[in-house]
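Enquirer: This one is model_5.cif, mmCIF, C-alpha atoms.
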```cif
data_data
loop_
_atom_site.label_atom_id
_atom_site.label_comp_id
_atom_site.auth_asym_id
_atom_site.auth_seq_id
_atom_site.Cartn_x
_atom_site.Cartn_y
_atom_site.Cartn_z
CA MET A 1 -32.44 17.01 47.92
CA ASP A 2 -35.96 18.34 47.69
CA TRP A 3 -37.02 21.82 46.57
CA ARG A 4 -37.64 22.99 50.16
CA ARG A 5 -34.07 22.19 51.19
CA LYS A 6 -32.74 23.90 48.06
CA ARG A 7 -34.79 27.00 48.91
CA GLN A 8 -33.42 26.98 52.49
CA ILE A 9 -29.87 26.81 51.16
CA ARG A 10 -30.49 29.60 48.62
CA ASN A 11 -31.96 31.81 51.34
CA LEU A 12 -28.99 31.12 53.61
CA VAL A 13 -26.56 32.04 50.84
CA ASP A 14 -28.54 35.17 49.95
CA GLY A 15 -28.24 36.29 53.57
CA ILE A 16 -24.48 35.72 53.55
CA LEU A 17 -24.07 37.57 50.26
CA GLU A 18 -26.01 40.63 51.45
CA LEU A 19 -22.58 41.79 52.64
CA ASN A 20 -21.45 41.93 49.01
CA THR A 21 -22.47 45.54 48.49
CA LEU A 22 -19.72 46.09 45.91
CA HIS A 23 -21.12 43.23 43.79
CA ARG A 24 -17.72 41.57 43.43
CA PRO A 25 -17.32 37.91 42.49
CA PRO A 26 -18.26 36.06 45.69
CA ILE A 27 -14.96 34.16 45.85
CA GLU A 28 -13.39 37.51 46.80
CA LEU A 29 -15.49 37.53 49.99
CA ILE A 30 -13.98 34.31 51.34
CA PRO A 31 -11.14 35.88 53.38
CA ALA A 32 -13.56 38.25 55.15
CA ILE A 33 -16.03 35.44 55.82
CA MET A 34 -13.29 33.19 57.19
CA LYS A 35 -12.15 35.99 59.49
CA GLN A 36 -15.68 36.83 60.63
CA ARG A 37 -16.53 33.16 61.31
CA ARG A 38 -13.10 32.58 62.94
CA ILE A 39 -12.25 29.80 60.53
CA VAL A 40 -8.59 29.00 60.03
CA PHE A 41 -7.90 28.44 56.35
CA GLU A 42 -4.86 26.77 54.87
CA GLU A 43 -3.83 25.35 51.54
CA ARG A 44 -1.89 22.13 51.97
CA ASP A 45 0.58 20.79 49.44
CA GLU A 46 -0.85 17.27 49.22
CA ASP A 47 0.58 14.59 46.97
CA ASP A 48 -2.70 12.70 47.25
CA GLU A 49 -4.68 13.82 44.21
CA ASP A 50 -7.81 12.22 45.68
CA PHE A 51 -7.80 14.70 48.59
CA CYS A 52 -9.79 17.86 47.84
CA GLY A 53 -10.51 19.44 51.20
CA VAL A 54 -11.60 19.04 54.79
CA TYR A 55 -13.70 20.95 57.28
CA MET A 56 -12.81 20.14 60.86
CA VAL A 57 -13.28 21.36 64.38
CA VAL A 58 -10.48 20.77 66.88
CA LYS A 59 -11.48 21.87 70.37
CA GLN A 60 -13.04 25.26 69.54
CA ALA A 61 -10.97 25.90 66.39
CA ARG A 62 -12.77 25.66 63.03
CA ILE A 63 -10.39 24.75 60.21
CA ILE A 64 -10.64 24.36 56.44
CA PHE A 65 -7.79 22.76 54.53
CA VAL A 66 -7.76 22.43 50.75
CA ASN A 67 -5.31 20.71 48.47
CA ALA A 68 -2.98 23.40 47.08
CA ASN A 69 -2.43 21.27 43.97
CA LEU A 70 -6.00 21.59 42.72
CA ARG A 71 -6.57 23.87 39.73
CA THR A 72 -7.79 27.29 40.86
CA SER A 73 -11.44 26.88 39.85
CA ARG A 74 -11.60 23.48 41.59
CA LYS A 75 -9.97 24.99 44.68
CA HIS A 76 -12.55 27.79 44.77
CA PHE A 77 -15.41 25.31 44.58
CA THR A 78 -13.83 23.15 47.30
CA ILE A 79 -13.42 26.15 49.63
CA ALA A 80 -17.08 27.14 49.14
CA HIS A 81 -18.12 23.50 49.54
CA GLU A 82 -16.29 23.23 52.88
CA LEU A 83 -17.86 26.53 53.98
CA GLY A 84 -21.18 24.93 53.09
CA HIS A 85 -20.53 22.12 55.58
CA HIS A 86 -19.85 24.80 58.20
CA TYR A 87 -22.91 26.98 57.49
CA LEU A 88 -25.24 24.01 57.05
CA GLY A 89 -24.15 22.51 60.37
CA HIS A 90 -23.39 19.10 58.94
CA PRO A 91 -22.43 16.56 61.59
CA LEU A 92 -18.72 15.82 61.81
CA GLN A 93 -17.30 12.31 61.91
CA ASN A 94 -14.37 12.15 64.32
CA GLY A 95 -14.25 15.94 64.28
CA ALA A 96 -14.08 16.33 60.49
CA ILE A 97 -15.77 16.06 57.11
CA ILE A 98 -13.21 14.95 54.55
CA CYS A 99 -13.95 15.53 50.88
CA ASP A 100 -12.04 13.21 48.61
CA SER A 101 -12.58 12.46 44.94
CA ASP A 102 -14.95 9.58 45.77
CA SER A 103 -17.28 11.76 47.87
CA VAL A 104 -17.03 14.55 45.29
CA PHE A 105 -17.34 12.55 42.08
CA GLY A 106 -18.66 9.16 43.28
CA LYS A 107 -21.97 7.67 42.19
CA ASN A 108 -23.39 7.33 45.71
CA LYS A 109 -22.73 10.85 46.93
CA PRO A 110 -24.08 11.35 50.47
CA GLU A 111 -26.88 13.91 50.90
CA GLN A 112 -24.70 16.30 52.93
CA GLU A 113 -22.16 16.35 50.08
CA LYS A 114 -24.95 17.22 47.61
CA GLU A 115 -26.08 20.00 49.95
CA ALA A 116 -22.53 21.37 50.30
CA ASP A 117 -22.19 21.29 46.49
CA TYR A 118 -25.45 23.19 46.10
CA PHE A 119 -24.35 25.72 48.72
CA ALA A 120 -21.06 26.20 46.82
CA ALA A 121 -22.88 26.68 43.50
CA CYS A 122 -25.33 29.21 44.99
CA PHE A 123 -22.53 31.01 46.82
CA LEU A 124 -20.02 31.23 43.97
CA MET A 125 -22.59 31.79 41.23
CA PRO A 126 -25.57 33.65 42.74
CA GLU A 127 -28.61 33.74 40.48
CA ASN A 128 -29.10 37.53 40.63
CA MET A 129 -25.43 38.22 39.77
CA ILE A 130 -25.45 35.68 36.93
CA LYS A 131 -28.54 37.32 35.45
CA ARG A 132 -26.98 40.77 35.70
CA LYS A 133 -23.69 39.65 34.11
CA ARG A 134 -25.62 37.74 31.43
CA THR A 135 -27.54 40.90 30.54
CA GLU A 136 -24.24 42.85 30.36
CA PHE A 137 -22.82 40.18 28.05
CA PHE A 138 -25.78 40.30 25.66
CA ASN A 139 -25.84 44.12 25.68
CA HIS A 140 -22.25 44.11 24.42
CA CYS A 141 -22.60 41.16 22.07
CA PRO A 142 -23.08 41.81 18.35
CA LYS A 143 -26.49 40.87 16.95
CA GLN A 144 -26.68 37.67 14.92
CA THR A 145 -27.51 38.21 11.27
CA THR A 146 -26.18 35.30 9.21
CA LEU A 147 -27.80 32.20 7.76
CA PHE A 148 -26.01 30.00 10.32
CA LEU A 149 -28.04 31.28 13.24
CA GLU A 150 -28.04 27.98 15.17
CA ASP A 151 -24.23 27.71 14.97
CA GLN A 152 -23.90 31.32 16.09
CA GLN A 153 -26.26 30.72 19.01
CA LEU A 154 -24.19 27.74 20.17
CA GLU A 155 -21.01 29.78 19.86
CA GLN A 156 -22.62 32.67 21.73
CA GLN A 157 -23.74 30.30 24.53
CA HIS A 158 -20.17 29.00 24.76
CA GLN A 159 -18.82 32.57 24.90
CA LEU A 160 -21.38 33.46 27.58
CA GLN A 161 -20.38 30.43 29.63
CA ARG A 162 -16.70 31.37 29.27
CA TYR A 163 -17.40 35.02 30.17
CA LEU A 164 -19.34 34.02 33.29
CA SER A 165 -16.91 31.31 34.39
CA ASP A 166 -14.04 33.79 34.07
CA TYR A 167 -15.91 36.47 36.02
CA PHE A 168 -17.04 34.15 38.82
CA GLN A 169 -13.69 32.28 38.80
CA VAL A 170 -15.27 28.84 38.46
CA SER A 171 -14.86 26.07 35.89
CA MET A 172 -16.74 26.05 32.61
CA GLU A 173 -18.33 22.79 33.75
CA ALA A 174 -19.61 24.28 37.03
CA MET A 175 -20.99 27.31 35.19
CA GLY A 176 -22.66 25.05 32.62
CA TYR A 177 -24.44 23.11 35.37
CA ARG A 178 -25.51 26.33 37.08
CA LEU A 179 -26.84 27.90 33.87
CA ASP A 180 -28.79 24.70 33.14
CA GLU A 181 -30.21 24.63 36.66
CA LEU A 182 -31.28 28.27 36.37
CA LYS A 183 -32.69 27.59 32.87
CA LEU A 184 -30.59 30.40 31.40
CA VAL A 185 -29.32 28.46 28.36
#
```
Starting from the file, give its structure as structure tokens.
Expert:
Amino acid sequence: MDWRRKRQIRNLVDGILELNTLHRPPIELIPAIMKQRRIVFEERDEDDEDFCGVYMVVKQARIIFVNANLRTSRKHFTIAHELGHHYLGHPLQNGAIICDSDSVFGKNKPEQEKEADYFAACFLMPENMIKRKRTEFFNHCPKQTTLFLEDQQLEQQHQLQRYLSDYFQVSMEAMGYRLDELKLV
């Protein structure tokens, strides 16, 4: 995905998040967005651990299903990812886009899956909110004064990543990728 497409996706997400006047973690906006966009949302108790989620349109009904057995942070990312398919207008195959572990974690990830991932990252972890929460973290963090400065910096980065992943309700791994992408670590 080129830089122009990334910028388009960021701008789209920024427009969606303008509604977030209370500056809450974006995952908390999902129910209101689903209602506004008339998307039916349901968690399904799936025994298939390869199934993550699906975005589908049946007649005029827009539907997102996610696997109820995913860990919470994975579920949040999957919901935002499926919303990404919706907002980005990705073409459906037989009325659906199914996200399984191969399309999520596979080596030959299709471009629309990369775009939906990027949408989810921008949506769940918006740059401006990350920067604000990062500043809050460092304002409340004790200054480093020992001889083991490098070890303390690594520990502080880990604590920052944990603090942000807890706040935004995403995995440490997802937050690590986002912080790297934003060049904030």
Enquirer: Kindly resolve the PyMOL selection byres ((chain A and resi 129) around 10) on the present coordinates and return the residues as a list of chain:residue names.
Expert: A:His23, A:Arg24, A:Pro25, A:Pro26, A:Leu124, A:Met125, A:Pro126, A:Glu127, A:Asn128, A:Ile130, A:Lys131, A:Arg132, A:Lys133, A:Arg134, A:Thr135, A:Leu164, A:Phe168
Enquirer: Selection in question (the file shown): the PyMOL selection byres ((chain A and resi 54) around 6). Which residues does it include, as a ChimeraX atom specification?
Expert: /A:53,55,64-65,97-99
Enquirer: Given the file above and the PyMOL selection byres ((chain A and resi 34) around 12), which residues are selected, and can you give them as a list in words?
Expert: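 After applying the PyMOL selection byres ((chain A and resi 34) around 12), what remains is Ile27, Glu28, Leu29, Ile30, Pro31, Ala32, Ile33, Lys35, Gln36, Arg37, Arg38, Ile39, Val40, Phe41, Glu42, Ala61, Arg62, Ile63, Ile64, Ile79, Ala80, Glu82, Leu83, His86 and Tyr87 of chain A.
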Enquirer: Pick out the closest residue to Lys59 of chain A from this set: A:Gln169, A:Asn94, A:Asn108, A:Ser73. Count only C-alpha atoms.
Expert: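 Checking each of A:Gln169, A:Asn94, A:Asn108, A:Ser73 against Lys59 of chain A, counting only C-alpha atoms, the winner is A:Asn94.
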Enquirer: Skip Ala120 of chain A itself and residues of its chain fewer than 2 positions away, then list as number ranges by chain all residues within 8 Å of it, counting only C-alpha atoms.
Expert: A: 77-78, 80-81, 83-84, 116-118, 122-124
